[in-house]
$ cat query31.txt   # compact mmCIF, C-alpha atoms
# COMPACT_ATOMS: atom_id res chain seq x y z
CA MET K 171 -9.42 34.11 -28.34
CA ALA K 172 -11.18 30.82 -27.65
CA ILE K 173 -14.69 31.02 -26.20
CA PRO K 174 -14.94 29.41 -22.74
CA PHE K 175 -17.14 26.35 -22.64
CA SER K 176 -18.99 25.09 -19.63
CA ARG K 177 -18.93 21.44 -20.75
CA PRO K 178 -16.66 19.49 -23.11
CA LEU K 179 -17.70 17.59 -26.22
CA ALA K 180 -17.85 13.79 -26.08
CA LEU K 181 -15.99 12.28 -29.06
CA SER K 182 -16.57 8.59 -29.79
CA GLN K 183 -13.65 6.51 -31.03
CA GLY K 184 -15.21 5.18 -34.25
CA ASP K 185 -13.46 2.15 -35.71
CA PRO K 186 -10.03 2.16 -34.03
CA ALA K 187 -8.37 0.63 -37.10
CA GLY K 188 -9.52 3.50 -39.28
CA ILE K 189 -8.46 7.14 -39.37
CA GLY K 190 -10.43 8.13 -36.28
CA PRO K 191 -7.32 8.03 -34.05
CA ASP K 192 -5.29 9.93 -36.68
CA ILE K 193 -7.71 12.84 -37.07
CA THR K 194 -8.38 12.97 -33.33
CA LEU K 195 -4.68 13.37 -32.62
CA MET K 196 -4.20 15.95 -35.37
CA ALA K 197 -7.23 17.97 -34.27
CA TRP K 198 -5.95 18.08 -30.69
CA LEU K 199 -2.51 19.20 -31.87
CA ARG K 200 -4.15 22.16 -33.63
CA ARG K 201 -6.44 23.04 -30.71
CA ARG K 202 -4.82 26.40 -29.94
CA GLU K 203 -4.24 27.41 -33.55
CA LEU K 204 -7.89 26.76 -34.42
CA GLY K 205 -9.47 27.75 -31.10
CA LEU K 206 -11.10 24.35 -30.73
CA PRO K 207 -13.64 23.70 -27.98
CA PRO K 208 -12.48 21.18 -25.37
CA PHE K 209 -13.31 17.57 -26.14
CA PHE K 210 -12.48 14.17 -24.74
CA LEU K 211 -12.23 10.87 -26.58
CA ILE K 212 -14.08 7.79 -25.41
CA GLY K 213 -11.82 4.94 -26.46
CA ASP K 214 -8.60 3.08 -25.88
CA PRO K 215 -5.60 5.23 -24.84
CA ASP K 216 -3.20 2.50 -25.98
CA VAL K 217 -4.55 2.78 -29.53
CA LEU K 218 -3.95 6.52 -29.47
CA ALA K 219 -0.43 6.16 -28.08
CA LEU K 220 0.52 3.60 -30.73
CA ARG K 221 -0.99 5.68 -33.54
CA ALA K 222 0.83 8.78 -32.31
CA ARG K 223 4.12 6.87 -32.57
CA GLN K 224 3.24 5.68 -36.06
CA LEU K 225 2.45 9.25 -37.12
CA ASN K 226 5.53 10.57 -35.34
CA VAL K 227 3.57 13.16 -33.37
CA ALA K 228 3.97 14.07 -29.74
CA VAL K 229 0.60 13.94 -27.98
CA SER K 230 0.20 13.60 -24.24
CA VAL K 231 -2.76 11.32 -23.49
CA ARG K 232 -4.33 11.52 -20.04
CA GLU K 233 -6.98 9.10 -18.81
CA THR K 234 -9.97 10.37 -16.84
CA ASP K 235 -13.23 8.82 -15.71
CA LYS K 236 -14.96 12.20 -15.29
CA ALA K 237 -16.14 14.35 -18.15
CA SER K 238 -16.02 17.34 -15.81
CA GLU K 239 -12.20 17.03 -15.68
CA ALA K 240 -11.74 17.05 -19.44
CA ALA K 241 -11.92 20.80 -20.00
CA GLY K 242 -9.16 21.34 -17.46
CA ILE K 243 -6.98 18.62 -18.98
CA PHE K 244 -7.54 19.64 -22.60
CA ALA K 245 -5.03 22.48 -22.77
CA ASP K 246 -2.10 20.20 -21.85
CA ALA K 247 -3.20 16.68 -22.79
CA LEU K 248 -5.79 14.81 -24.80
CA PRO K 249 -8.39 13.56 -22.27
CA VAL K 250 -9.48 9.97 -22.77
CA MET K 251 -12.31 8.14 -21.05
CA THR K 252 -11.14 4.55 -21.34
CA ILE K 253 -13.00 1.81 -23.18
CA PRO K 254 -10.69 -1.06 -24.22
CA ALA K 255 -10.49 -1.80 -27.94
CA GLY K 256 -10.76 -5.55 -27.30
CA ILE K 257 -7.64 -6.60 -29.24
CA GLU K 258 -4.33 -5.10 -30.27
CA VAL K 259 -5.43 -2.78 -33.06
CA VAL K 260 -3.48 -2.64 -36.31
CA ALA K 261 -4.01 0.50 -38.38
CA GLY K 262 -5.85 -0.34 -41.58
CA GLU K 263 -6.88 -3.83 -40.46
CA PRO K 264 -10.46 -3.79 -39.09
CA HIS K 265 -11.53 -6.61 -36.81
CA ALA K 266 -14.94 -7.62 -35.46
CA ALA K 267 -13.43 -7.95 -31.97
CA THR K 268 -13.33 -4.14 -31.72
CA ALA K 269 -17.06 -3.75 -32.43
CA LYS K 270 -18.09 -4.06 -28.79
CA GLY K 271 -15.86 -1.15 -27.78
CA THR K 272 -16.94 0.95 -30.75
CA ILE K 273 -20.61 0.53 -29.84
CA ALA K 274 -19.94 1.13 -26.14
CA SER K 275 -18.12 4.35 -26.99
CA ILE K 276 -21.17 5.73 -28.80
CA GLU K 277 -23.50 4.64 -25.99
CA LYS K 278 -21.27 6.32 -23.39
CA ALA K 279 -21.12 9.57 -25.34
CA VAL K 280 -24.91 9.72 -25.56
CA SER K 281 -25.37 8.90 -21.88
CA LEU K 282 -22.97 11.70 -20.90
CA VAL K 283 -24.98 14.22 -22.91
CA PHE K 284 -28.23 13.08 -21.31
CA SER K 285 -26.65 13.33 -17.85
CA GLY K 286 -25.55 16.88 -18.62
CA GLU K 287 -21.84 16.10 -18.35
CA ALA K 288 -21.08 16.64 -22.05
CA LEU K 289 -22.27 19.46 -24.27
CA ALA K 290 -22.77 17.41 -27.44
CA VAL K 291 -21.82 14.18 -29.20
CA VAL K 292 -19.27 14.05 -32.01
CA THR K 293 -18.73 10.66 -33.62
CA ASN K 294 -15.67 9.35 -35.42
CA PRO K 295 -16.31 7.17 -38.50
CA ILE K 296 -17.48 3.58 -38.07
CA ALA K 297 -17.32 0.62 -40.45
CA LYS K 298 -20.82 -0.79 -40.55
CA ALA K 299 -19.71 -4.10 -42.05
CA VAL K 300 -17.43 -4.68 -39.05
CA LEU K 301 -20.27 -3.94 -36.63
CA TYR K 302 -22.66 -6.20 -38.55
CA GLU K 303 -20.26 -9.10 -37.98
CA ALA K 304 -20.74 -8.54 -34.25
CA GLY K 305 -24.54 -8.46 -34.47
CA PHE K 306 -25.13 -4.71 -34.80
CA ARG K 307 -28.70 -4.40 -36.03
CA PHE K 308 -28.87 -0.80 -37.22
CA PRO K 309 -28.21 0.51 -40.74
CA GLY K 310 -25.78 3.10 -39.37
CA HIS K 311 -24.92 5.72 -36.77
CA THR K 312 -28.05 7.79 -37.40
CA GLU K 313 -30.52 5.02 -36.67
CA PHE K 314 -28.55 3.78 -33.65
CA LEU K 315 -28.48 7.27 -32.12
CA ALA K 316 -32.23 7.57 -32.62
CA ASP K 317 -32.76 4.27 -30.81
CA LEU K 318 -30.55 5.39 -27.91
CA ALA K 319 -32.49 8.65 -27.68
CA ALA K 320 -35.83 6.84 -27.74
CA ARG K 321 -34.72 4.50 -24.97
CA ALA K 322 -33.49 7.40 -22.86
CA THR K 323 -36.60 9.55 -23.29
CA GLY K 324 -39.33 6.96 -23.74
CA ARG K 325 -40.48 8.82 -26.87
CA PRO K 326 -40.12 7.83 -30.53
CA VAL K 327 -37.44 9.74 -32.40
CA THR K 328 -37.25 10.39 -36.14
CA PRO K 329 -33.64 11.13 -37.09
CA VAL K 330 -32.81 13.23 -40.12
CA MET K 331 -29.33 13.17 -41.63
CA MET K 332 -28.00 16.49 -42.93
CA LEU K 333 -24.68 17.30 -44.56
CA SER K 334 -23.85 20.87 -43.62
CA GLY K 335 -21.07 22.73 -45.40
CA PRO K 336 -20.10 26.30 -46.20
CA LYS K 337 -21.79 26.10 -49.62
CA LEU K 338 -24.62 23.61 -49.16
CA ARG K 339 -26.87 21.90 -46.65
CA ALA K 340 -28.36 18.70 -48.03
CA ILE K 341 -30.70 16.09 -46.54
CA PRO K 342 -31.46 12.64 -47.96
CA VAL K 343 -35.03 11.52 -47.24
CA THR K 344 -34.04 7.86 -47.57
CA ILE K 345 -30.59 6.96 -46.30
CA HIS K 346 -28.88 3.58 -46.09
CA ILE K 347 -31.00 1.49 -48.43
CA PRO K 348 -30.34 0.10 -51.91
CA VAL K 349 -31.23 2.44 -54.78
CA ARG K 350 -33.68 -0.13 -56.13
CA ASP K 351 -35.72 0.19 -52.89
CA VAL K 352 -35.96 3.98 -52.90
CA PRO K 353 -39.21 4.39 -54.92
CA GLN K 354 -41.08 2.02 -52.61
CA ALA K 355 -39.64 3.62 -49.47
CA LEU K 356 -40.57 7.15 -50.48
CA THR K 357 -43.94 8.15 -49.06
CA GLY K 358 -45.64 11.48 -48.69
CA GLU K 359 -45.55 11.06 -44.91
CA LEU K 360 -41.79 10.41 -44.89
CA ILE K 361 -41.11 13.45 -47.06
CA THR K 362 -43.31 15.78 -45.01
CA GLU K 363 -41.93 14.55 -41.68
CA THR K 364 -38.35 14.98 -42.89
CA CYS K 365 -39.11 18.51 -44.07
CA ARG K 366 -40.88 19.44 -40.84
CA ILE K 367 -37.91 18.32 -38.76
CA ALA K 368 -35.50 20.17 -41.05
CA HIS K 369 -37.62 23.32 -40.86
CA GLU K 370 -37.78 23.24 -37.07
CA ASP K 371 -34.10 22.46 -36.46
CA LEU K 372 -32.92 25.10 -38.92
CA LYS K 373 -35.00 27.59 -36.99
CA GLN K 374 -34.18 26.47 -33.46
CA ARG K 375 -30.57 25.29 -33.78
CA PHE K 376 -29.20 27.17 -36.78
CA GLY K 377 -31.04 30.43 -36.16
CA ILE K 378 -32.66 30.68 -39.60
CA GLU K 379 -35.92 32.49 -38.97
CA ALA K 380 -37.75 31.36 -42.12
CA PRO K 381 -35.97 28.34 -43.65
CA ARG K 382 -36.31 27.84 -47.41
CA LEU K 383 -36.51 24.20 -48.49
CA ALA K 384 -35.75 23.09 -52.06
CA VAL K 385 -37.15 19.60 -52.67
CA ALA K 386 -35.58 17.48 -55.41
CA GLY K 387 -37.49 15.19 -57.67
CA LEU K 388 -36.73 11.48 -57.78
CA ASN K 389 -36.55 10.96 -61.52
CA PRO K 390 -34.54 12.75 -64.23
CA HIS K 391 -36.03 16.19 -64.88
CA ALA K 392 -38.34 15.61 -61.90
CA GLY K 393 -40.30 13.17 -64.04
CA GLU K 394 -41.20 15.61 -66.82
CA GLY K 395 -44.84 15.63 -65.80
CA GLY K 396 -45.03 11.85 -65.57
CA ALA K 397 -43.19 11.06 -68.79
CA ILE K 398 -40.15 9.73 -66.87
CA GLY K 399 -41.76 8.11 -63.85
CA THR K 400 -44.81 9.07 -61.80
CA GLU K 401 -43.38 9.40 -58.28
CA ASP K 402 -42.67 13.11 -58.61
CA GLU K 403 -46.31 13.97 -59.38
CA ASP K 404 -47.99 11.27 -57.32
CA VAL K 405 -45.90 11.40 -54.13
CA ILE K 406 -43.49 14.34 -53.95
CA ARG K 407 -45.63 17.19 -55.25
CA PRO K 408 -48.61 16.49 -52.93
CA ALA K 409 -46.20 16.34 -49.97
CA ILE K 410 -44.81 19.76 -50.89
CA GLU K 411 -48.32 21.17 -51.17
CA ARG K 412 -49.12 19.92 -47.67
CA LEU K 413 -45.98 21.56 -46.33
CA ARG K 414 -46.87 24.86 -47.94
CA ASP K 415 -50.36 24.65 -46.44
CA GLU K 416 -48.63 24.37 -43.05
CA GLY K 417 -46.65 27.54 -43.69
CA ILE K 418 -43.35 25.86 -44.55
CA ASP K 419 -41.47 27.48 -47.43
CA ALA K 420 -40.90 24.42 -49.64
CA ILE K 421 -40.54 24.41 -53.41
CA GLY K 422 -40.36 21.57 -55.92
CA PRO K 423 -40.10 18.91 -57.04
CA LEU K 424 -37.04 20.32 -58.78
CA PRO K 425 -34.79 18.60 -61.31
CA ALA K 426 -31.78 17.52 -59.27
CA ASP K 427 -29.33 18.22 -62.08
CA THR K 428 -30.00 21.99 -61.89
CA MET K 429 -30.30 22.40 -58.11
CA PHE K 430 -26.70 22.73 -57.06
CA HIS K 431 -25.04 25.46 -59.13
CA ASP K 432 -24.22 28.78 -57.44
CA GLU K 433 -27.31 30.71 -58.54
CA ALA K 434 -29.69 27.90 -57.61
CA ARG K 435 -28.17 27.42 -54.14
CA ALA K 436 -28.66 31.09 -53.35
CA ARG K 437 -32.43 30.53 -53.43
CA TYR K 438 -32.67 28.00 -50.58
CA ASP K 439 -31.25 27.10 -47.16
CA VAL K 440 -31.37 23.32 -47.49
CA ALA K 441 -31.79 20.83 -50.31
CA ILE K 442 -34.15 17.95 -49.54
CA CYS K 443 -33.08 15.00 -51.68
CA MET K 444 -34.78 11.69 -52.26
CA TYR K 445 -31.88 9.29 -51.70
CA HIS K 446 -28.41 9.07 -50.20
CA ASP K 447 -26.16 9.87 -53.14
CA GLN K 448 -28.44 12.54 -54.56
CA ALA K 449 -27.68 14.54 -51.40
CA LEU K 450 -24.15 13.47 -50.52
CA ILE K 451 -22.49 13.72 -53.92
CA PRO K 452 -23.09 17.49 -54.30
CA ALA K 453 -22.47 18.10 -50.59
CA LYS K 454 -19.08 16.40 -50.69
CA ALA K 455 -18.15 17.81 -54.10
CA LEU K 456 -18.77 21.35 -52.84
CA GLY K 457 -17.07 20.93 -49.45
CA PHE K 458 -15.43 17.59 -48.81
CA ASP K 459 -13.01 18.88 -46.19
CA ASP K 460 -15.43 21.32 -44.59
CA SER K 461 -18.79 19.54 -44.54
CA VAL K 462 -20.24 18.02 -41.38
CA ASN K 463 -22.79 15.28 -40.87
CA VAL K 464 -25.46 16.58 -38.47
CA THR K 465 -28.32 14.48 -37.13
CA LEU K 466 -31.48 16.55 -36.85
CA GLY K 467 -34.52 15.47 -34.85
CA LEU K 468 -32.54 14.22 -31.84
CA PRO K 469 -32.98 15.64 -28.32
CA PHE K 470 -29.24 16.36 -28.27
CA VAL K 471 -26.63 17.72 -30.67
CA ARG K 472 -24.69 15.18 -32.74
CA THR K 473 -22.19 15.88 -35.51
CA SER K 474 -19.53 13.84 -37.28
CA PRO K 475 -17.02 14.13 -40.12
CA ASP K 476 -18.55 13.65 -43.56
CA HIS K 477 -16.19 10.80 -44.52
CA GLY K 478 -15.61 7.18 -43.63
CA THR K 479 -12.95 5.12 -41.93
CA ALA K 480 -10.44 5.26 -44.83
CA PHE K 481 -8.63 2.10 -43.70
CA GLY K 482 -6.23 2.37 -46.63
CA ILE K 483 -4.55 5.49 -45.25
CA ALA K 484 -4.87 4.86 -41.50
CA GLY K 485 -1.60 5.36 -39.67
CA LYS K 486 0.19 6.72 -42.76
CA GLY K 487 0.00 10.44 -42.05
CA LEU K 488 -2.29 11.08 -45.02
CA ALA K 489 -5.62 11.63 -43.25
CA ARG K 490 -6.90 15.20 -43.07
CA GLU K 491 -8.53 16.36 -39.85
CA HIS K 492 -10.46 19.24 -41.45
CA SER K 493 -13.93 17.66 -41.39
CA LEU K 494 -13.53 16.54 -37.77
CA VAL K 495 -12.42 20.06 -36.85
CA ALA K 496 -15.54 21.43 -38.58
CA ALA K 497 -17.68 18.85 -36.75
CA LEU K 498 -16.24 19.84 -33.37
CA LYS K 499 -16.78 23.54 -34.03
CA LEU K 500 -20.34 23.07 -35.25
CA ALA K 501 -21.22 20.78 -32.32
CA ALA K 502 -19.99 23.45 -29.91
CA GLN K 503 -21.91 26.17 -31.75
CA LEU K 504 -25.16 24.20 -31.75
CA GLY K 505 -24.65 23.03 -28.19
CA ARG K 506 -24.12 26.55 -26.94
CA SER K 507 -27.17 27.70 -28.88
CA ALA K 508 -29.23 25.05 -27.11
CA GLU K 509 -27.80 26.15 -23.75
CA SER K 510 -28.74 29.76 -24.39
CA ARG K 511 -32.39 28.85 -24.98
CA ARG K 512 -32.77 27.11 -21.62
$ encode --input "query31.txt" --output "structure tokens"
Amino acid sequence: MAIPFSRPLALSQGDPAGIGPDITLMAWLRRRELGLPPFFLIGDPDVLALRARQLNVAVSVRETDKASEAAGIFADALPVMTIPAGIEVVAGEPHAATAKGTIASIEKAVSLVFSGEALAVVTNPIAKAVLYEAGFRFPGHTEFLADLAARATGRPVTPVMMLSGPKLRAIPVTIHIPVRDVPQALTGELITETCRIAHEDLKQRFGIEAPRLAVAGLNPHAGEGGAIGTEDEDVIRPAIERLRDEGIDAIGPLPADTMFHDEARARYDVAICMYHDQALIPAKALGFDDSVNVTLGLPFVRTSPDHGTAFGIAGKGLAREHSLVAALKLAAQLGRSAESRR
């Protein structure tokens, strides 16, 4: 039996030429089977209607301008809060003209959470290159959401990206920067702040009373005592020592190549990694269809699928909705947890 929800989830459209419309439609079609929480899409209903025809699926789309109506609509139709795409969208063919609507969809989702009308934000995949063509100035979703939160609250926000799956939670300390820039970007302050936020959110949102953090080294074999690079001893180890002095259960720096097998994962609750792929490769390898991107450190709950826009399969009936389903379920779980603490 589905749990009743007081407020629906706000789902942004992502890039309308990608698989966002596909997985949104397929998730809604499985709403009863999977006991999904009610959600509404912020996007263009015409894009959804066209994509449904391309996928040969029968989905009733109903427009609404009130989030409060979405839960009542959800059982019989997919609620959509309309933001025009900007052009006639062709599946698999991204266009900069859609960027304005994509950005507006994210902004609207965040504003509805701050106003109390939506329980949490779930974001469909975006194509950053498309947004950059339209003047988007953020490296990605994570940084943009942090900026929106800071503007809404008047307080600085440090976002932390976490991939959360059934077998692994993994956090990259540095995110969307070239690998060559990682050693310079890594600082003791960045590592400790990331770990503090992870520790607090795992306690408060995930209900882990005493989170265990495993911190990866940067270099092969965690530097082998300085023989293969000095960052592990000069930057990472002192940061871990500071965290332990604060009472945070952090261990490392650990060789990344031995951190992710079954026995190793049983010893920690989250892996803190030094760069994007060091975290995301094991997270996706261990749970590509079931992992969820969660942004920690925000004053609201935000999740998303752990994959991209997949333009090559958009509109072809090949996209799998599993990660979006997991993102919706986790957003509802974390949102309800936040509600219960109020």
$ closest_residue --input "query31.txt" --among "K:Gly387, K:Pro329, K:Pro309, K:Pro249" --to "Leu360 (chain K)" --atoms "only C-alpha atoms"
K:Pro329
$ atom_distance --input "query31.txt" --atom1 "CA of Lys270 (chain K)" --atom2 "CA of Ile243 (chain K)"
27.1 Å
$ closest_atom_pairs --input "query31.txt" --of "region 280-328 of chain K" --to "region 492-507 of chain K" --cutoff "8 Å" --atoms "all atoms listed in the file" --output "CSV"
residue,atom,partner,partner_atom,distance
K:Leu289,CA,K:Gly505,CA,5.8
K:Ala290,CA,K:Gly505,CA,6.0
K:Val291,CA,K:Ala501,CA,7.3
K:Val292,CA,K:Leu498,CA,6.7
K:Asn294,CA,K:Leu494,CA,7.9
$ write_last_selection --input "query31.txt" --atoms "C-alpha atoms" --output "mmCIF file, in the coordinates of the input"
data_model
loop_
_atom_site.group_PDB
_atom_site.id
_atom_site.type_symbol
_atom_site.label_atom_id
_atom_site.label_comp_id
_atom_site.auth_asym_id
_atom_site.auth_seq_id
_atom_site.Cartn_x
_atom_site.Cartn_y
_atom_site.Cartn_z
ATOM 1 C CA LEU K 289 -22.270 19.460 -24.270
ATOM 2 C CA ALA K 290 -22.770 17.410 -27.440
ATOM 3 C CA VAL K 291 -21.820 14.180 -29.200
ATOM 4 C CA VAL K 292 -19.270 14.050 -32.010
ATOM 5 C CA ASN K 294 -15.670 9.350 -35.420
#
$ residues_around --input "query31.txt" --residues "Lys454 (chain K)" --least-positions-apart "4" --cutoff "10 Å" --atoms "all atoms listed in the file" --output "list in words"
Leu333, Ser334, Gly335, Leu338, Ala340, Asp447, Ala449, Leu450, Phe458, Asp459, Asp460, Ser461, Val462, Asp476 and His477 of chain K
$ closest_residue --input "query31.txt" --among "K:Lys337, K:Gly213, K:Glu263, K:Asn226" --to "Ile483 (chain K)" --atoms "only C-alpha atoms"
K:Glu263
$ closest_residue --input "query31.txt" --among "K:Val385, K:Ala355, K:Met444, K:Ile193" --to "Leu181 (chain K)" --atoms "all atoms listed in the file"
K:Ile193
$ residues_near_point --input "query31.txt" --point "(-29.8, 13.7, -30.9)" --cutoff "9 Å" --atoms "only C-alpha atoms" --output "JSON, numbers by chain"
{"K": [280, 290, 291, 312, 315, 316, 318, 319, 327, 329, 465, 466, 467, 468, 469, 470, 471, 472]}
$ closest_atom_pairs --input "query31.txt" --of "region 274-332 of chain K" --to "region 362-377 of chain K" --cutoff "9 Å" --atoms "all atoms listed in the file" --output "tab-separated table"
residue	atom	partner	partner_atom	distance
K:Thr328	CA	K:Thr364	CA	8.2
K:Pro329	CA	K:Thr364	CA	8.4
K:Val330	CA	K:Thr364	CA	6.4
K:Met332	CA	K:Ala368	CA	8.6
$ closest_residue --input "query31.txt" --among "K:Val300, K:Ile253, K:Val464, K:Ala409" --to "Ile276 (chain K)" --atoms "only C-alpha atoms"
K:Ile253
$ atom_distance --input "query31.txt" --atom1 "CA of Gly399 (chain K)" --atom2 "CA of Cys443 (chain K)"
16.5 Å
$ atom_distance --input "query31.txt" --atom1 "CA of Ala255 (chain K)" --atom2 "CA of His346 (chain K)"
26.4 Å
$ closest_atom_pairs --input "query31.txt" --of "region 262-372 of chain K" --to "region 182-188 of chain K" --cutoff "9 Å" --atoms "only C-alpha atoms" --output "CSV"
residue,atom,partner,partner_atom,distance
K:Gly262,CA,K:Ala187,CA,5.2
K:Glu263,CA,K:Ala187,CA,5.8
K:Pro264,CA,K:Ala187,CA,5.3
K:His265,CA,K:Ala187,CA,7.9
K:Thr268,CA,K:Asp185,CA,7.4
K:Ala269,CA,K:Asp185,CA,7.7
K:Gly271,CA,K:Gln183,CA,8.6
K:Thr272,CA,K:Gly184,CA,5.8
K:Ile273,CA,K:Gly184,CA,8.4
K:Ala274,CA,K:Ser182,CA,9.0
K:Ser275,CA,K:Ser182,CA,5.3
K:Ile276,CA,K:Ser182,CA,5.5
K:Glu277,CA,K:Ser182,CA,8.8
K:Lys278,CA,K:Ser182,CA,8.3
K:Ala279,CA,K:Ser182,CA,6.4
K:Val291,CA,K:Ser182,CA,7.7
K:Val292,CA,K:Ser182,CA,6.5
K:Thr293,CA,K:Ser182,CA,4.9
K:Asn294,CA,K:Gly184,CA,4.4
K:Pro295,CA,K:Gly184,CA,4.8
K:Ile296,CA,K:Gly184,CA,4.7
K:Ala297,CA,K:Asp185,CA,6.3
K:Val300,CA,K:Asp185,CA,8.6
$ residues_around --input "query31.txt" --residues "Ala222 (chain K)" --least-positions-apart "6" --cutoff "12 Å" --atoms "only C-alpha atoms" --output "MDAnalysis selection string"
chainID K and resid 189:196 198:199 215:216 228:231 248 261 484:487
$ write_last_selection --input "query31.txt" --atoms "C-alpha atoms" --output "mmCIF file, in the frame of the given file"
data_model
loop_
_atom_site.group_PDB
_atom_site.id
_atom_site.type_symbol
_atom_site.label_atom_id
_atom_site.label_comp_id
_atom_site.auth_asym_id
_atom_site.auth_seq_id
_atom_site.Cartn_x
_atom_site.Cartn_y
_atom_site.Cartn_z
ATOM 1 C CA ILE K 189 -8.460 7.140 -39.370
ATOM 2 C CA GLY K 190 -10.430 8.130 -36.280
ATOM 3 C CA PRO K 191 -7.320 8.030 -34.050
ATOM 4 C CA ASP K 192 -5.290 9.930 -36.680
ATOM 5 C CA ILE K 193 -7.710 12.840 -37.070
ATOM 6 C CA THR K 194 -8.380 12.970 -33.330
ATOM 7 C CA LEU K 195 -4.680 13.370 -32.620
ATOM 8 C CA MET K 196 -4.200 15.950 -35.370
ATOM 9 C CA TRP K 198 -5.950 18.080 -30.690
ATOM 10 C CA LEU K 199 -2.510 19.200 -31.870
ATOM 11 C CA PRO K 215 -5.600 5.230 -24.840
ATOM 12 C CA ASP K 216 -3.200 2.500 -25.980
ATOM 13 C CA ALA K 228 3.970 14.070 -29.740
ATOM 14 C CA VAL K 229 0.600 13.940 -27.980
ATOM 15 C CA SER K 230 0.200 13.600 -24.240
ATOM 16 C CA VAL K 231 -2.760 11.320 -23.490
ATOM 17 C CA LEU K 248 -5.790 14.810 -24.800
ATOM 18 C CA ALA K 261 -4.010 0.500 -38.380
ATOM 19 C CA ALA K 484 -4.870 4.860 -41.500
ATOM 20 C CA GLY K 485 -1.600 5.360 -39.670
ATOM 21 C CA LYS K 486 0.190 6.720 -42.760
ATOM 22 C CA GLY K 487 0.000 10.440 -42.050
#
$ residues_near_point --input "query31.txt" --point "(-39.0, 28.2, -43.2)" --cutoff "8 Å" --atoms "only C-alpha atoms" --output "list in words"
His369, Glu370, Lys373, Ile378, Glu379, Ala380, Pro381, Arg382, Leu383, Gly417, Ile418, Asp419 and Ala420 of chain K
$ write_last_selection --input "query31.txt" --atoms "C-alpha atoms" --output "tab-separated table (two decimals), in the coordinates of the input"
chain	number	residue	atom	x	y	z
K	369	HIS	CA	-37.62	23.32	-40.86
K	370	GLU	CA	-37.78	23.24	-37.07
K	373	LYS	CA	-35.00	27.59	-36.99
K	378	ILE	CA	-32.66	30.68	-39.60
K	379	GLU	CA	-35.92	32.49	-38.97
K	380	ALA	CA	-37.75	31.36	-42.12
K	381	PRO	CA	-35.97	28.34	-43.65
K	382	ARG	CA	-36.31	27.84	-47.41
K	383	LEU	CA	-36.51	24.20	-48.49
K	417	GLY	CA	-46.65	27.54	-43.69
K	418	ILE	CA	-43.35	25.86	-44.55
K	419	ASP	CA	-41.47	27.48	-47.43
K	420	ALA	CA	-40.90	24.42	-49.64
$ residues_around --input "query31.txt" --residues "region 390-393 of chain K" --least-positions-apart "3" --cutoff "6 Å" --atoms "all atoms listed in the file" --output "VMD selection string"
chain K and resid 387 396 to 399 402 424 to 425
